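Participant: This is the structure I want to talk about, given as structure tokens.
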Amino acid sequence: MDLKALAERLLPGDYPALELYETLYPPRSLPKGAEVTRLAPSPTGFIHLGNLFAAIANERVAHRSGGILYLRIEDTDLKRKVDGAVEAVIKALDYFDIRFDEGAEIGGDETYAPWYQRQRAEIYRAYVKSLIEKGRAYPCFCTEEELTALREEQTANKEIPGYYGKYAKCRNLSEEEIYKNLDAKKPFVIRLRSLGDPEIKHKFHDEVKGEITVPENDQDIVILKSDGIPTYHFAHAIDDHLMRTTLVIRGEEWLASLPIHIELFGALGFPLPRYGHNSSLMKQDGETRRKLSKRKDPELSLEFYRKEGYYPRAVKVYMLTLLNSNFEEWYLKNPEEPLESFPFTAGKMSKSGTLFDLDKLNDISKNELSKLSVSDMVCFLKVWAEEFGTEVQKKYFEEEEKISAVLGLFMGVGGKKRRKDFTTASQAMVMIAYAFERPQNFEEYRVDGTTKSAVLRDFLATYSYPDDAQTWFAKVKEVAAKNGFAAEMKEYKSNPEAYRGSVADVAEVLRIAVTGKANTPDLWTIMQILGDGEVRARLLAAIG
RNA sequence: GGCCUUGUGGUCAAGCGGUUAAGACGGCGCCCUCUCACGGCGCAAUCCCGGGUUCGAUUCCCGGCAAGGUCACCA
């Protein structure tokens with residue numbers, strides 16, 4: 001068969017010699033050990049936690065080694081395209097300090113552009129054409145129905161489904177048959193003529209998994225779809241070679257197609273990049289665990305974390321603790337060091353699927369938030385409130401001095417130790433509400449109504465706004481004593497029968513009356529922030 | 001079903017032939033304390049199972065089992 005003529009018929013026109021691409025996209029001149037990694041999302045919409053997980057790994061590996069991280073858009077499937085998706089991806093990752101050195105909508109070094117696969121159609125076809133000429137690829141005229149029928153038949157016969165070996169009907173079509181189909185304008189795809197035998201297994205070094213076994217591929221996979229656009233597998237081989245990727249870190253769902261990629265790189269005469277397949281984020285679902293799914297799990301969406309008001313650094317720290325097992329210990333020892341200083345390595349990535357643990361994230365989040373300065377906290381909450389807050393919440397920020405005082409109180413600024421009350425912005429905003437609004441709901445008082453009123457009256461009679469904290473508390477103790485409560489905790493504990501309760505009960509009455517809550521930060525400070533008039537008004541209202 | 005991957009407390013995990021089997025989160029208890037938060041101390045809880053190899057296996061080998069992934073003109 002005249003393969004050259006066939007190739008010309010299938011992909012008519014002049015294509016550049018393949019050597020041209022090698023010079024057009026030359027090896028990068030980077031220092032020794034520098035890794036070139038990439039993120040290659042399809043423009044479906046929005047990236048999720050799983051993407052972020054892999055993104056952080058790729059970013060860290062590239063930048064720790066003095067290499068390059070680039071963004072390539074895998075838009076070979078038109079059905080997946082969503083407008084504005086690329087910008088959204090860049091923005092979302094930027095929120096977590098992930099910056100690309102080059103890529104789609106980024107700019108940077110244009111040498112390896114374009115980064116949209118649709119714009120690289122000619123390159124792919126040039127390589128496909130050469131594969132046809134070499135007899136490593138052939139046209140296939142099977143219809144979708146035929147393929148489905150084949151699959152069903154194979155499944156019914158308990159055979160491995162797919163287009164391979166004797167099932168690859170179009171693999172050995174005669175020249176005559178091929179041209180007949182072509183003349184009849186039958187649509188076709190181009191398939192790889194696989195030379196592999198899955199019974200033959202090879203050892204392979206995976207940067208994450210270590211030594212793994214990879215069988216040879218024998219599937220005649222589609223490399224060029226009937227619309228003339230390559231499949232992912234083919235584009236991956238071409239692009240990662242031409243863009244000079246050194247290390248591909250991707251989800252372990254790709255492990256199963258590694259045999260295909262190995263054969264493709266071989267057929268094209270490309271050296272194989274190194275691969276690292278990271279385990280996926282799982283979620284407990286009843287008895288078993290499963291991969292986090294976009295549909296079922298709102299916490300997978302990055303938008304969820306923005307809405308809840310998680311501090312981005314906290315999410316990143318959590319991802320890093322999952323990504324590198326020695327990160328957590330390092331961070332404990334080096335709390336002041338920038339995250340970038342951590343010696344991240346692909347080899348320390350987890351081999352097994354990791355259950356996503358919101359409790360852990362929340363703990364990290366509390367710690368991160370407690371490290372903020374008051375002005376940073378004001379800024380963080382303000383930005384959150386402007387987008388997600390209620391109208392009332394937005395007003396909290398109108399009195400700059402007050403919001404600072406309130407947040408300083410909740411963060412324990414000035415004390416020996418920072419408080420860790422805040423987990424997220426949304427939760428913090430609710431927590432500080434009583435500093436700005438009269439409480440509507442009151443937690444239950446431990447004392448009876450009569451006692452409550454008596455305590456409040458006595459306190460009101462002696463309350464003086466200018467009192468310092470000690471004087472203020474001395475007065476609370478006086479009120480306690482007057483109403484039959486122990487003024488000193490120790491005294492109460494050693495002889496509880498002698499009293500109706502302790503100063504703690506009295507303080508609780510005041511606390512609930514002023515804030516509605518039984519648990520708050522320092523009450524004296526709260527009263528100082530609220531001001532004389534407001535405190536009196538709330539106490540009065542609580543007497544009933 | 002075939003193939004691949006993984007298997008240490010509830011969760012994340014250290015370990016890499018001999019350990020009282022780290023640490024963190026969560027849980028529980030105590031202390032501190034006007035409440036909470038913070039902090040301190042303590043407790044409970046783990047090597048998937050069965051065979052080998054070895055003086056000795058969580059660790060090495062084999063076989064099970066379980067979980068996950070994957071088998072498209074989707075990525």
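Numbering starts fresh at 1 for the residues of each chain in the structure tokens, the chains themselves are lettered A, B, ... in the order given, and ligands are numbered from 1 as they appear.
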Using only C-alpha atoms (C1' of nucleotides), find the residues of chain A whose closest atom to chain B is at most 7 Å away, then write them as a PyMOL selection string.

Facilitator: chain A and resi 42+158+160+189+222+225-226+232+253+256+322+325+351-352+357+359-360+417-421+503-504+507-508+518-521

Participant: Applying 9 Å and only C-alpha atoms (C1' of nucleotides), which residues near U8 in chain B remain after dropping the ones on its own chain fewer than 5 positions away? List them as a list of chain:residue names.

Facilitator: B:A13, B:A21, B:U46, B:C47, B:U58

Participant: Among range 441-531 of chain A, which ones does DSSP assign to helix (DSSP H, G or I) (computed from the backbone)? Answer as a PyMOL selection string.

Facilitator: chain A and resi 449-462+469-482+489-494+496-498+503-515+523-530

Participant: Please, could you write that set of residues out with C-alpha atoms as a compact mmCIF listing (two decimals), in the first residue's frame?

Facilitator:
```txt
# COMPACT_ATOMS: atom_id res chain seq x y z
CA GLY A 449 -35.91 35.46 87.19
CA THR A 450 -36.16 37.22 90.53
CA THR A 451 -32.51 36.69 91.30
CA LYS A 452 -31.56 37.80 87.83
CA SER A 453 -33.43 41.07 88.21
CA ALA A 454 -31.97 41.68 91.66
CA VAL A 455 -28.44 41.11 90.41
CA LEU A 456 -28.95 43.40 87.45
CA ARG A 457 -30.45 46.17 89.62
CA ASP A 458 -27.64 45.97 92.14
CA PHE A 459 -25.02 46.04 89.44
CA LEU A 460 -26.65 48.95 87.65
CA ALA A 461 -26.71 50.92 90.90
CA THR A 462 -22.97 50.62 91.34
CA ALA A 469 -11.09 46.21 85.07
CA GLN A 470 -10.10 45.51 88.68
CA THR A 471 -12.54 47.99 90.15
CA TRP A 472 -15.25 46.71 87.85
CA PHE A 473 -14.73 43.13 88.91
CA ALA A 474 -14.58 44.11 92.59
CA LYS A 475 -18.04 45.56 92.14
CA VAL A 476 -19.26 42.37 90.52
CA LYS A 477 -18.00 40.53 93.57
CA GLU A 478 -19.85 42.94 95.84
CA VAL A 479 -23.04 42.28 93.95
CA ALA A 480 -22.41 38.57 94.31
CA ALA A 481 -21.90 38.79 98.05
CA LYS A 482 -24.95 40.95 98.51
CA MET A 489 -14.29 30.90 93.49
CA LYS A 490 -11.94 29.11 95.87
CA GLU A 491 -14.17 29.90 98.78
CA TYR A 492 -17.16 28.60 96.88
CA LYS A 493 -15.46 25.40 95.87
CA SER A 494 -14.33 24.59 99.37
CA PRO A 496 -20.47 25.14 98.10
CA GLU A 497 -23.37 24.51 100.50
CA ALA A 498 -22.90 27.89 102.14
CA VAL A 503 -19.46 35.01 91.32
CA ALA A 504 -19.42 33.03 88.10
CA ASP A 505 -23.21 32.85 88.18
CA VAL A 506 -23.44 36.57 88.75
CA ALA A 507 -21.04 37.30 85.93
CA GLU A 508 -23.12 35.07 83.71
CA VAL A 509 -26.24 37.10 84.41
CA LEU A 510 -24.47 40.26 83.34
CA ARG A 511 -22.94 38.55 80.35
CA ILE A 512 -26.19 37.21 79.01
CA ALA A 513 -27.98 40.48 79.68
CA VAL A 514 -25.42 42.43 77.69
CA THR A 515 -24.53 39.99 74.91
CA LEU A 523 -17.00 41.29 79.68
CA TRP A 524 -15.44 44.46 81.05
CA THR A 525 -13.83 45.15 77.68
CA ILE A 526 -17.10 44.48 75.91
CA MET A 527 -18.79 47.06 78.13
CA GLN A 528 -16.00 49.52 77.42
CA ILE A 529 -16.51 49.08 73.72
CA LEU A 530 -20.28 49.35 73.89
```

Participant: Could you write out, as a list in words, all the residues of range 157-239 of chain A that DSSP marks as strand (DSSP E or B)?

Facilitator: Tyr164, Val189, Ile190, Arg191, Leu192, Lys201, His202, Lys203, Phe204, His205, Asp206, Gly210, Glu211, Ile212, Thr213, Val214, Pro215, Gln219, Val222, Ile223, Leu224 and Pro230 of chain A

Participant: Please save N, CA and C atoms of the selected residues as a compact mmCIF listing (two decimals), in the first residue's frame.

Facilitator:
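Generated file (selection22.txt):
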```txt
# COMPACT_ATOMS: atom_id res chain seq x y z
N TYR A 164 -8.84 -3.54 19.59
CA TYR A 164 -7.47 -4.07 19.61
C TYR A 164 -7.45 -5.41 18.89
N VAL A 189 -11.94 8.29 11.77
CA VAL A 189 -10.99 8.77 12.77
C VAL A 189 -9.65 8.14 12.43
N ILE A 190 -8.60 8.66 13.03
CA ILE A 190 -7.28 8.04 12.86
C ILE A 190 -6.93 7.31 14.16
N ARG A 191 -6.57 6.06 13.99
CA ARG A 191 -6.18 5.28 15.16
C ARG A 191 -4.70 4.95 15.14
N LEU A 192 -4.17 4.76 16.33
CA LEU A 192 -2.80 4.30 16.47
C LEU A 192 -2.75 2.81 16.14
N LYS A 201 4.99 -6.89 30.82
CA LYS A 201 4.94 -5.81 31.81
C LYS A 201 6.32 -5.21 31.99
N HIS A 202 6.33 -3.92 32.23
CA HIS A 202 7.60 -3.24 32.46
C HIS A 202 7.61 -2.58 33.82
N LYS A 203 8.78 -2.51 34.40
CA LYS A 203 8.96 -1.73 35.63
C LYS A 203 9.04 -0.28 35.22
N PHE A 204 8.45 0.55 36.05
CA PHE A 204 8.44 1.97 35.75
C PHE A 204 8.60 2.74 37.04
N HIS A 205 9.39 3.79 36.98
CA HIS A 205 9.55 4.59 38.20
C HIS A 205 8.61 5.77 38.18
N ASP A 206 7.67 5.76 39.11
CA ASP A 206 6.75 6.88 39.27
C ASP A 206 7.26 7.75 40.41
N GLY A 210 6.63 5.41 43.32
CA GLY A 210 7.84 4.59 43.37
C GLY A 210 7.82 3.57 42.24
N GLU A 211 8.33 2.36 42.50
CA GLU A 211 8.36 1.33 41.46
C GLU A 211 6.95 0.81 41.18
N ILE A 212 6.53 0.87 39.95
CA ILE A 212 5.23 0.33 39.59
C ILE A 212 5.37 -0.57 38.35
N THR A 213 4.34 -1.36 38.12
CA THR A 213 4.33 -2.25 36.97
C THR A 213 3.42 -1.67 35.90
N VAL A 214 3.91 -1.56 34.71
CA VAL A 214 3.09 -1.04 33.63
C VAL A 214 3.05 -2.05 32.49
N PRO A 215 1.87 -2.55 32.16
CA PRO A 215 1.77 -3.46 31.02
C PRO A 215 1.86 -2.67 29.71
N GLN A 219 -4.22 -1.30 22.75
CA GLN A 219 -5.43 -0.68 22.22
C GLN A 219 -5.07 0.25 21.06
N VAL A 222 -7.94 6.02 19.44
CA VAL A 222 -8.15 7.13 18.51
C VAL A 222 -7.15 8.22 18.83
N ILE A 223 -6.45 8.71 17.84
CA ILE A 223 -5.56 9.84 18.10
C ILE A 223 -6.10 11.12 17.46
N LEU A 224 -6.84 10.95 16.37
CA LEU A 224 -7.45 12.12 15.73
C LEU A 224 -8.94 11.85 15.55
N PRO A 230 -7.29 16.30 17.85
CA PRO A 230 -6.71 15.12 18.50
C PRO A 230 -7.41 14.79 19.82
```

Participant: In terms of the shortest atom-to-atom distance over only C-alpha atoms, which of A:Leu323, A:Ala121, A:Leu302, A:Cys142 is closest to Leu281 in chain A?

Facilitator: A:Leu323

Participant: Could you give me, as an MDAnalysis selection string, the residues within 9 Å of Phe388 in chain A, counting only C-alpha atoms (C1' of nucleotides) and dropping anything in the same chain fewer than 5 positions from it?

Facilitator: chainID A and resid 306:309 383 426

Participant: Please, could you write that set of residues out with N, CA and C atoms as a PDB file, in the first residue's frame?

Facilitator:
```
ATOM      1  N   ARG A 306     -14.604  30.243  49.653  1.00  0.00           N
ATOM      2  CA  ARG A 306     -14.716  31.709  49.592  1.00  0.00           C
ATOM      3  C   ARG A 306     -15.978  32.160  50.296  1.00  0.00           C
ATOM      4  N   LYS A 307     -17.050  31.468  50.042  1.00  0.00           N
ATOM      5  CA  LYS A 307     -18.331  31.831  50.646  1.00  0.00           C
ATOM      6  C   LYS A 307     -18.316  31.682  52.161  1.00  0.00           C
ATOM      7  N   GLU A 308     -17.742  30.576  52.626  1.00  0.00           N
ATOM      8  CA  GLU A 308     -17.648  30.363  54.064  1.00  0.00           C
ATOM      9  C   GLU A 308     -16.674  31.362  54.694  1.00  0.00           C
ATOM     10  N   GLY A 309     -15.785  31.879  53.852  1.00  0.00           N
ATOM     11  CA  GLY A 309     -14.804  32.813  54.360  1.00  0.00           C
ATOM     12  C   GLY A 309     -13.611  32.135  55.005  1.00  0.00           C
ATOM     13  N   VAL A 383     -13.573  42.593  53.259  1.00  0.00           N
ATOM     14  CA  VAL A 383     -13.641  42.109  51.884  1.00  0.00           C
ATOM     15  C   VAL A 383     -14.684  40.994  51.769  1.00  0.00           C
ATOM     16  N   SER A 426     -17.356  34.019  57.874  1.00  0.00           N
ATOM     17  CA  SER A 426     -18.804  34.017  58.086  1.00  0.00           C
ATOM     18  C   SER A 426     -19.130  33.759  59.551  1.00  0.00           C
TER      19      SER A 426
END
```

Participant: Hey, can you check how far CA of Ile200 in chain A sits from CA of Leu255 in chain A?

Facilitator: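 Answer for the CA of Ile200 in chain A to CA of Leu255 in chain A separation: 16.9 Å.
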
Participant: Please identify all polymer residues within 9 Å of Phe422 in chain A, counting only C-alpha atoms (C1' of nucleotides), omitting same-chain residues fewer than 2 positions from it, and present them as a ChimeraX atom specification.

Facilitator: /A:365-367,369-370,410-411,419-420,424-425,427-428,431

Participant: Please, what distance in Å, to one decimal, runs between CA of Lys166 in chain A and CA of Glu199 in chain A?

Facilitator: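 Atom-to-atom, CA of Lys166 in chain A and CA of Glu199 in chain A are spaced 16.0 Å apart.
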
Participant: Write out as a list of chain:residue names which residues come within 10 Å of Thr345 in chain A when counting only C-alpha atoms (C1' of nucleotides), dropping same-chain ones fewer than 5 positions away.

Facilitator: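 Neighbouring residues, sequence-local ones excluded: A:Ala57, A:Arg60, A:Val61, A:Arg64, A:Ser65, A:Glu207, A:Val208, A:Leu323, A:Asn324, A:Asn326.
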